[in-house]
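Listing of work-v2.tsv, TSV, C-alpha atoms
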```tsv
chain	number	residue	atom	x	y	z
A	12	GLN	CA	20.61	4.51	15.71
A	13	GLN	CA	21.78	7.41	13.59
A	14	GLN	CA	19.58	7.41	10.52
A	15	VAL	CA	19.85	8.84	7.07
A	16	LYS	CA	16.63	10.36	5.74
A	17	GLN	CA	16.26	10.18	1.97
A	18	SER	CA	13.77	11.88	-0.35
A	19	PRO	CA	11.88	11.62	-2.57
A	20	GLN	CA	10.77	8.01	-2.44
A	21	SER	CA	10.23	8.01	-6.19
A	22	LEU	CA	11.15	10.35	-9.02
A	23	ILE	CA	10.08	10.57	-12.64
A	24	VAL	CA	12.26	12.58	-15.00
A	25	GLN	CA	12.21	13.12	-18.73
A	26	LYS	CA	15.26	12.15	-20.76
A	27	GLY	CA	17.79	14.97	-20.72
A	28	GLY	CA	16.50	16.41	-17.47
A	29	ILE	CA	18.20	16.73	-14.09
A	30	SER	CA	17.43	14.18	-11.37
A	31	ILE	CA	17.95	15.36	-7.78
A	32	ILE	CA	17.86	13.11	-4.73
A	33	ASN	CA	18.35	14.49	-1.23
A	34	CYS	CA	19.57	13.00	2.04
A	35	ALA	CA	19.90	14.35	5.58
A	36	TYR	CA	21.92	12.97	8.46
A	37	GLU	CA	21.98	13.56	12.18
A	38	ASN	CA	25.57	14.36	13.15
A	39	THR	CA	28.94	14.91	11.55
A	40	ALA	CA	30.97	12.10	13.05
A	41	PHE	CA	31.14	10.20	9.80
A	42	ASP	CA	33.92	9.61	7.34
A	43	TYR	CA	32.33	9.22	3.92
A	44	PHE	CA	28.91	9.66	2.35
A	45	PRO	CA	28.50	7.22	-0.55
A	46	TRP	CA	25.74	6.74	-3.08
A	47	TYR	CA	24.79	3.32	-4.41
A	48	GLN	CA	22.85	2.44	-7.56
A	49	GLN	CA	20.71	-0.69	-7.77
A	50	PHE	CA	19.05	-2.12	-10.87
A	51	PRO	CA	16.01	-4.41	-10.47
A	52	GLY	CA	16.94	-7.89	-9.29
A	53	LYS	CA	20.61	-6.96	-8.75
A	54	GLY	CA	22.79	-6.00	-5.84
A	55	PRO	CA	23.66	-2.33	-5.28
A	56	ALA	CA	26.91	-0.94	-6.70
A	57	LEU	CA	28.92	2.01	-5.45
A	58	LEU	CA	28.33	5.01	-7.69
A	59	ILE	CA	30.19	7.89	-6.07
A	60	ALA	CA	31.27	8.96	-2.57
A	61	ILE	CA	32.23	12.21	-0.88
A	62	ARG	CA	34.17	13.18	2.25
A	63	PRO	CA	32.56	15.70	4.63
A	64	ASP	CA	35.40	18.20	4.12
A	65	VAL	CA	34.55	18.49	0.41
A	66	SER	CA	31.55	20.50	-0.81
A	67	GLU	CA	31.14	18.89	-4.21
A	68	LYS	CA	32.37	15.90	-6.17
A	69	LYS	CA	31.65	15.23	-9.81
A	70	GLU	CA	32.08	12.04	-11.83
A	71	GLY	CA	30.75	12.31	-15.34
A	72	ARG	CA	27.04	13.15	-15.20
A	73	PHE	CA	26.85	12.39	-11.46
A	74	THR	CA	27.55	15.07	-8.83
A	75	ILE	CA	27.35	14.94	-5.06
A	76	SER	CA	26.78	18.23	-3.27
A	77	PHE	CA	27.52	18.32	0.45
A	78	ASN	CA	26.20	20.97	2.86
A	79	LYS	CA	27.84	20.37	6.20
A	80	SER	CA	26.05	23.19	8.07
A	81	ALA	CA	22.64	21.90	6.97
A	82	LYS	CA	23.69	18.27	7.45
A	83	GLN	CA	22.45	17.45	3.97
A	84	PHE	CA	23.89	15.96	0.83
A	85	SER	CA	22.38	15.38	-2.56
A	86	LEU	CA	22.94	13.50	-5.79
A	87	HIS	CA	22.43	15.30	-9.08
A	88	ILE	CA	22.22	13.33	-12.32
A	89	MET	CA	22.67	15.65	-15.27
A	90	ASP	CA	21.27	14.80	-18.71
A	91	SER	CA	19.34	11.87	-17.24
A	92	GLN	CA	19.04	8.84	-19.51
A	93	PRO	CA	16.64	5.86	-19.54
A	94	GLY	CA	19.62	3.68	-18.55
A	95	ASP	CA	19.82	5.64	-15.29
A	96	SER	CA	16.46	4.20	-14.23
A	97	ALA	CA	17.28	2.42	-10.99
A	98	THR	CA	16.97	2.75	-7.24
A	99	TYR	CA	19.51	5.02	-5.59
A	100	PHE	CA	20.60	4.78	-1.96
A	101	CYS	CA	22.54	7.33	0.01
A	102	ALA	CA	24.52	6.16	3.02
A	103	ARG	CA	26.83	7.34	5.73
A	104	GLU	CA	29.98	5.59	6.87
A	105	GLY	CA	30.50	5.38	10.61
A	106	ASP	CA	31.23	2.22	12.55
A	107	LYS	CA	28.77	0.69	10.08
A	108	LEU	CA	27.37	1.70	6.75
A	109	ILE	CA	23.82	3.02	7.30
A	110	PHE	CA	21.63	3.37	4.22
A	111	GLY	CA	18.77	5.66	3.38
A	112	THR	CA	15.44	4.14	2.34
A	113	GLY	CA	16.09	4.54	-1.38
A	114	THR	CA	14.72	6.56	-4.31
A	115	ARG	CA	13.29	4.84	-7.34
A	116	LEU	CA	14.21	6.89	-10.41
A	117	GLN	CA	12.41	6.44	-13.71
A	118	VAL	CA	13.68	8.29	-16.76
A	119	PHE	CA	11.31	8.37	-19.70
A	120	PRO	CA	12.37	8.98	-23.31
B	9	ASP	CA	36.21	-12.84	-12.73
B	10	GLY	CA	36.44	-11.52	-9.19
B	11	GLY	CA	33.24	-11.00	-7.34
B	12	ILE	CA	30.63	-12.23	-4.92
B	13	THR	CA	28.32	-15.13	-5.61
B	14	GLN	CA	25.10	-15.86	-3.80
B	15	SER	CA	23.06	-18.96	-4.25
B	16	PRO	CA	20.38	-19.74	-4.96
B	17	LYS	CA	18.78	-16.71	-6.62
B	18	TYR	CA	15.32	-17.78	-5.46
B	19	LEU	CA	14.52	-19.90	-2.43
B	20	PHE	CA	11.20	-21.17	-1.16
B	21	ARG	CA	10.65	-22.66	2.28
B	22	LYS	CA	7.82	-23.66	4.52
B	23	GLU	CA	7.32	-21.81	7.77
B	24	GLY	CA	9.17	-23.42	10.66
B	25	GLN	CA	12.13	-24.58	8.60
B	26	ASN	CA	15.65	-23.24	8.92
B	27	VAL	CA	17.31	-22.24	5.65
B	28	THR	CA	20.93	-21.36	4.85
B	29	LEU	CA	21.90	-18.79	2.23
B	30	SER	CA	25.29	-19.08	0.61
B	31	CYS	CA	27.75	-16.23	0.06
B	32	GLU	CA	31.21	-16.68	-1.47
B	33	GLN	CA	33.76	-14.04	-2.50
B	34	ASN	CA	37.05	-14.30	-4.37
B	35	LEU	CA	38.07	-10.68	-3.86
B	36	ASN	CA	40.34	-11.55	-0.92
B	37	HIS	CA	38.36	-9.14	1.25
B	38	ASP	CA	38.56	-9.39	5.02
B	39	ALA	CA	35.13	-7.95	5.81
B	40	MET	CA	31.80	-9.47	4.83
B	41	TYR	CA	28.24	-8.36	5.50
B	42	TRP	CA	24.66	-9.58	5.30
B	43	TYR	CA	21.82	-7.15	4.61
B	44	ARG	CA	18.10	-7.55	4.32
B	45	GLN	CA	16.16	-5.45	1.83
B	46	ASP	CA	12.43	-4.83	2.13
B	47	PRO	CA	10.40	-2.42	-0.01
B	48	GLY	CA	10.58	1.11	1.34
B	49	GLN	CA	13.09	0.24	4.08
B	50	GLY	CA	16.42	0.35	2.35
B	51	LEU	CA	19.16	-2.06	3.38
B	52	ARG	CA	19.37	-3.16	6.98
B	53	LEU	CA	22.46	-4.84	8.42
B	54	ILE	CA	21.94	-8.32	9.85
B	55	TYR	CA	25.48	-9.51	10.68
B	56	TYR	CA	28.99	-8.58	9.71
B	57	SER	CA	32.42	-10.12	10.01
B	58	GLN	CA	35.70	-8.24	9.87
B	59	ILE	CA	37.94	-11.29	10.14
B	60	VAL	CA	37.74	-15.07	9.99
B	61	ASN	CA	36.21	-16.73	13.07
B	62	ASP	CA	34.74	-13.46	14.29
B	63	PHE	CA	31.42	-11.75	13.59
B	64	GLN	CA	29.13	-9.14	15.14
B	65	LYS	CA	25.40	-8.56	15.23
B	66	GLY	CA	24.00	-5.81	13.10
B	67	ASP	CA	20.76	-3.93	13.63
B	68	ILE	CA	18.34	-6.80	12.98
B	69	ALA	CA	20.19	-9.99	14.04
B	70	GLU	CA	17.31	-11.67	15.87
B	71	GLY	CA	16.31	-14.91	14.18
B	72	TYR	CA	19.50	-15.14	12.12
B	73	SER	CA	22.86	-16.84	12.60
B	74	VAL	CA	26.16	-16.79	10.70
B	75	SER	CA	29.55	-18.44	10.62
B	76	ARG	CA	32.91	-17.33	9.22
B	77	GLU	CA	35.17	-20.38	9.08
B	78	LYS	CA	36.86	-19.34	5.84
B	79	LYS	CA	37.83	-15.92	4.52
B	80	GLU	CA	35.88	-16.40	1.31
B	81	SER	CA	32.64	-17.73	2.81
B	82	PHE	CA	29.99	-16.16	5.06
B	83	PRO	CA	26.77	-18.25	5.11
B	84	LEU	CA	23.59	-16.89	6.69
B	85	THR	CA	21.03	-19.15	8.37
B	86	VAL	CA	17.49	-17.87	8.65
B	87	THR	CA	16.00	-19.72	11.58
B	88	SER	CA	12.40	-20.51	12.39
B	89	ALA	CA	12.64	-17.82	15.09
B	90	GLN	CA	12.71	-15.09	12.46
B	91	LYS	CA	9.15	-13.81	12.45
B	92	ASN	CA	9.05	-12.32	8.98
B	93	PRO	CA	11.76	-14.01	6.89
B	94	THR	CA	10.40	-13.30	3.41
B	95	ALA	CA	12.78	-10.70	1.93
B	96	PHE	CA	15.63	-10.04	-0.49
B	97	TYR	CA	18.97	-10.91	1.15
B	98	LEU	CA	22.19	-9.29	0.04
B	99	CYS	CA	25.74	-10.27	0.87
B	100	ALA	CA	28.61	-7.79	0.54
B	101	SER	CA	32.32	-7.57	1.17
B	102	SER	CA	34.87	-4.82	1.57
B	103	GLY	CA	38.64	-4.79	1.46
B	104	GLY	CA	39.38	-1.32	2.67
B	105	ARG	CA	37.01	1.48	3.53
B	106	ARG	CA	33.63	0.40	4.90
B	107	TYR	CA	31.83	2.73	2.49
B	108	GLU	CA	33.18	0.79	-0.50
B	109	GLN	CA	31.23	-2.44	-0.39
B	110	TYR	CA	30.81	-4.95	-3.20
B	111	PHE	CA	27.45	-6.66	-3.31
B	112	GLY	CA	26.38	-10.02	-4.61
B	113	PRO	CA	23.28	-10.48	-6.82
B	114	GLY	CA	21.07	-11.36	-3.85
B	115	THR	CA	18.81	-14.24	-2.82
B	116	ARG	CA	15.05	-13.76	-2.73
B	117	LEU	CA	13.65	-15.90	0.07
B	118	THR	CA	9.96	-16.66	0.25
B	119	VAL	CA	8.56	-18.42	3.30
B	120	THR	CA	4.97	-19.62	3.26
```

Written form, structure tokens:
Amino acid sequence: QQQVKQSPQSLIVQKGGISIINCAYENTAFDYFPWYQQFPGKGPALLIAIRPDVSEKKEGRFTISFNKSAKQFSLHIMDSQPGDSATYFCAREGDKLIFGTGTRLQVFP
Amino acid sequence: DGGITQSPKYLFRKEGQNVTLSCEQNLNHDAMYWYRQDPGQGLRLIYYSQIVNDFQKGDIAEGYSVSREKKESFPLTVTSAQKNPTAFYLCASSGGRRYEQYFGPGTRLTVT
């Protein structure tokens, strides 16, 4: 099974700082690379997604950077806020959606 | 409000009993999915259905069964054959691209 490797497992950031979560995949035969956000006790929700022919996509404070040659993509959260504290999952879309293992982000005031 | 409902939120069962988790959607989506979430392991696909009366095994289907008799409903049965059933179960649906899935609030199953 083609996996998606996600790091770090947990991340602590001060309010106003930049949160960076990284993911790596094993081949390029995928259509989209989405990121999901999950608050405790809730189901995940789609945050942002990028196509492999695009190097960067920005939506508000959230940016996906995609490095096709390195087979890596990352989520940057600018000006991190306590309300961003959640678990974030990267994923790749192939014949199924395969998720990374998740990163628990804690943003402290 | 359109969305996905899962019930109950918490479920407790004794070992050896089958249990059925409910998932209903009113988004008019064709595809529905069941995932299992364990700490440190992300979301793993159990079963999925792309159309009524059809479904496929995911990566961890052993010990689980599903049915898809109606477009809006996709119940999951956790059988006594599932060796480690205690987990958080998530149902999702999608109407277009597979990457855009809408998740329900989940059911936390505890088997003792």

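Every chain A residue lying within 6 Å of chain B, based on only C-alpha atoms, is listed here: Lys53, Gly54, Glu104, Gly111, Thr112 and Gly113 of chain A.
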
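Ranking B:Met40, B:Asn92, B:Thr28, B:Ser102 by their shortest atom-to-atom distance to Ser73 (chain B), with only C-alpha atoms included, puts B:Thr28 first.
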
(message) Residues near Phe50 (chain A), anyone? I mean within 10 Å using all atoms listed in the file, not counting same-chain ones fewer than 5 positions away, as a ChimeraX atom specification.
(response) /A:55-56,94-99,115

Pull C-alpha atoms from the residues just selected and write them as a compact mmCIF listing (two decimals), in the coordinates of the input.
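Output contents, as saved in result_26.txt:
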```
# COMPACT_ATOMS: atom_id res chain seq x y z
CA PRO A 55 23.66 -2.33 -5.28
CA ALA A 56 26.91 -0.94 -6.70
CA GLY A 94 19.62 3.68 -18.55
CA ASP A 95 19.82 5.64 -15.29
CA SER A 96 16.46 4.20 -14.23
CA ALA A 97 17.28 2.42 -10.99
CA THR A 98 16.97 2.75 -7.24
CA TYR A 99 19.51 5.02 -5.59
CA ARG A 115 13.29 4.84 -7.34
```

(request) To one decimal in Å, tell me the separation between CA of Ile59 (chain A) and CA of Asn78 (chain A). (result) 16.3 Å

(message) Just checking: using all atoms listed in the file, which residue out of B:Leu29, B:Leu84, B:Val119, B:Leu35 ends up closest to Ile54 (chain B)?
(response) B:Leu84

(message) Rounded to one decimal, what separation in Å do you get between CA of Trp42 (chain B) and CA of Gly52 (chain A)?
(response)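 According to the coordinates, CA of Trp42 (chain B) and CA of Gly52 (chain A) are separated by 16.6 Å.
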
(request) Have a look at CA of Gln117 (chain A) and CA of Thr94 (chain B) and let me know their distance in Å, one decimal. (result) 26.2 Å

(request) Using only C-alpha atoms, give me every residue within 8 Å of (13.7, 13.2, -17.5) in file coordinates, as a list in words. (result)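 Residues lying no farther than 8 Å from the given point: Ile23, Val24, Gln25, Lys26, Gly27, Gly28, Ile29, Ser30, Asp90, Ser91, Gln92, Gln117, Val118, Phe119 and Pro120 of chain A.
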
(request) Check the smallest atom-to-atom distance from each of B:Pro83, B:Lys78, B:Ser57, B:Ala69 to Arg44 (chain B) using only C-alpha atoms, then report the winner. (result) B:Ala69

(message) With all atoms listed in the file as the counted atoms, please give the residues lying no more than 10 Å from Ile75 (chain A), apart from itself and same-chain residues fewer than 3 positions off, as a VMD selection string.
(response) chain A and resid 31 to 33 44 to 46 59 to 61 65 to 70 84 to 88

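Comparing the minimum interatomic distances between Pro51 (chain A) and each of A:Ala102, A:Leu116, A:Cys34, A:Leu108, counting all atoms listed in the file, we find that A:Leu116 sits nearest.
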
(message) Residues near Gln33 (chain B), anyone? I mean within 7 Å using only C-alpha atoms, not counting same-chain ones fewer than 3 positions away, as a PyMOL selection string.
(response) chain B and resi 11-13+80-81

(message) I'd like the neighbourhood of Arg76 (chain B) as a VMD selection string, where a residue qualifies if any of its atoms comes within 6 Å (using all atoms listed in the file), though same-chain residues fewer than 4 positions away should be ignored.
(response) chain B and resid 60 to 61 82

Include C-alpha atoms and write out the residues we just selected as a short mmCIF file (atom, residue, chain, number, x, y, z; two decimals), in the frame of the given file.
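Output below, filename again-v7.cif:
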```cif
data_model
loop_
_atom_site.label_atom_id
_atom_site.label_comp_id
_atom_site.auth_asym_id
_atom_site.auth_seq_id
_atom_site.Cartn_x
_atom_site.Cartn_y
_atom_site.Cartn_z
CA VAL B 60 37.74 -15.07 9.99
CA ASN B 61 36.21 -16.73 13.07
CA PHE B 82 29.99 -16.16 5.06
#
```
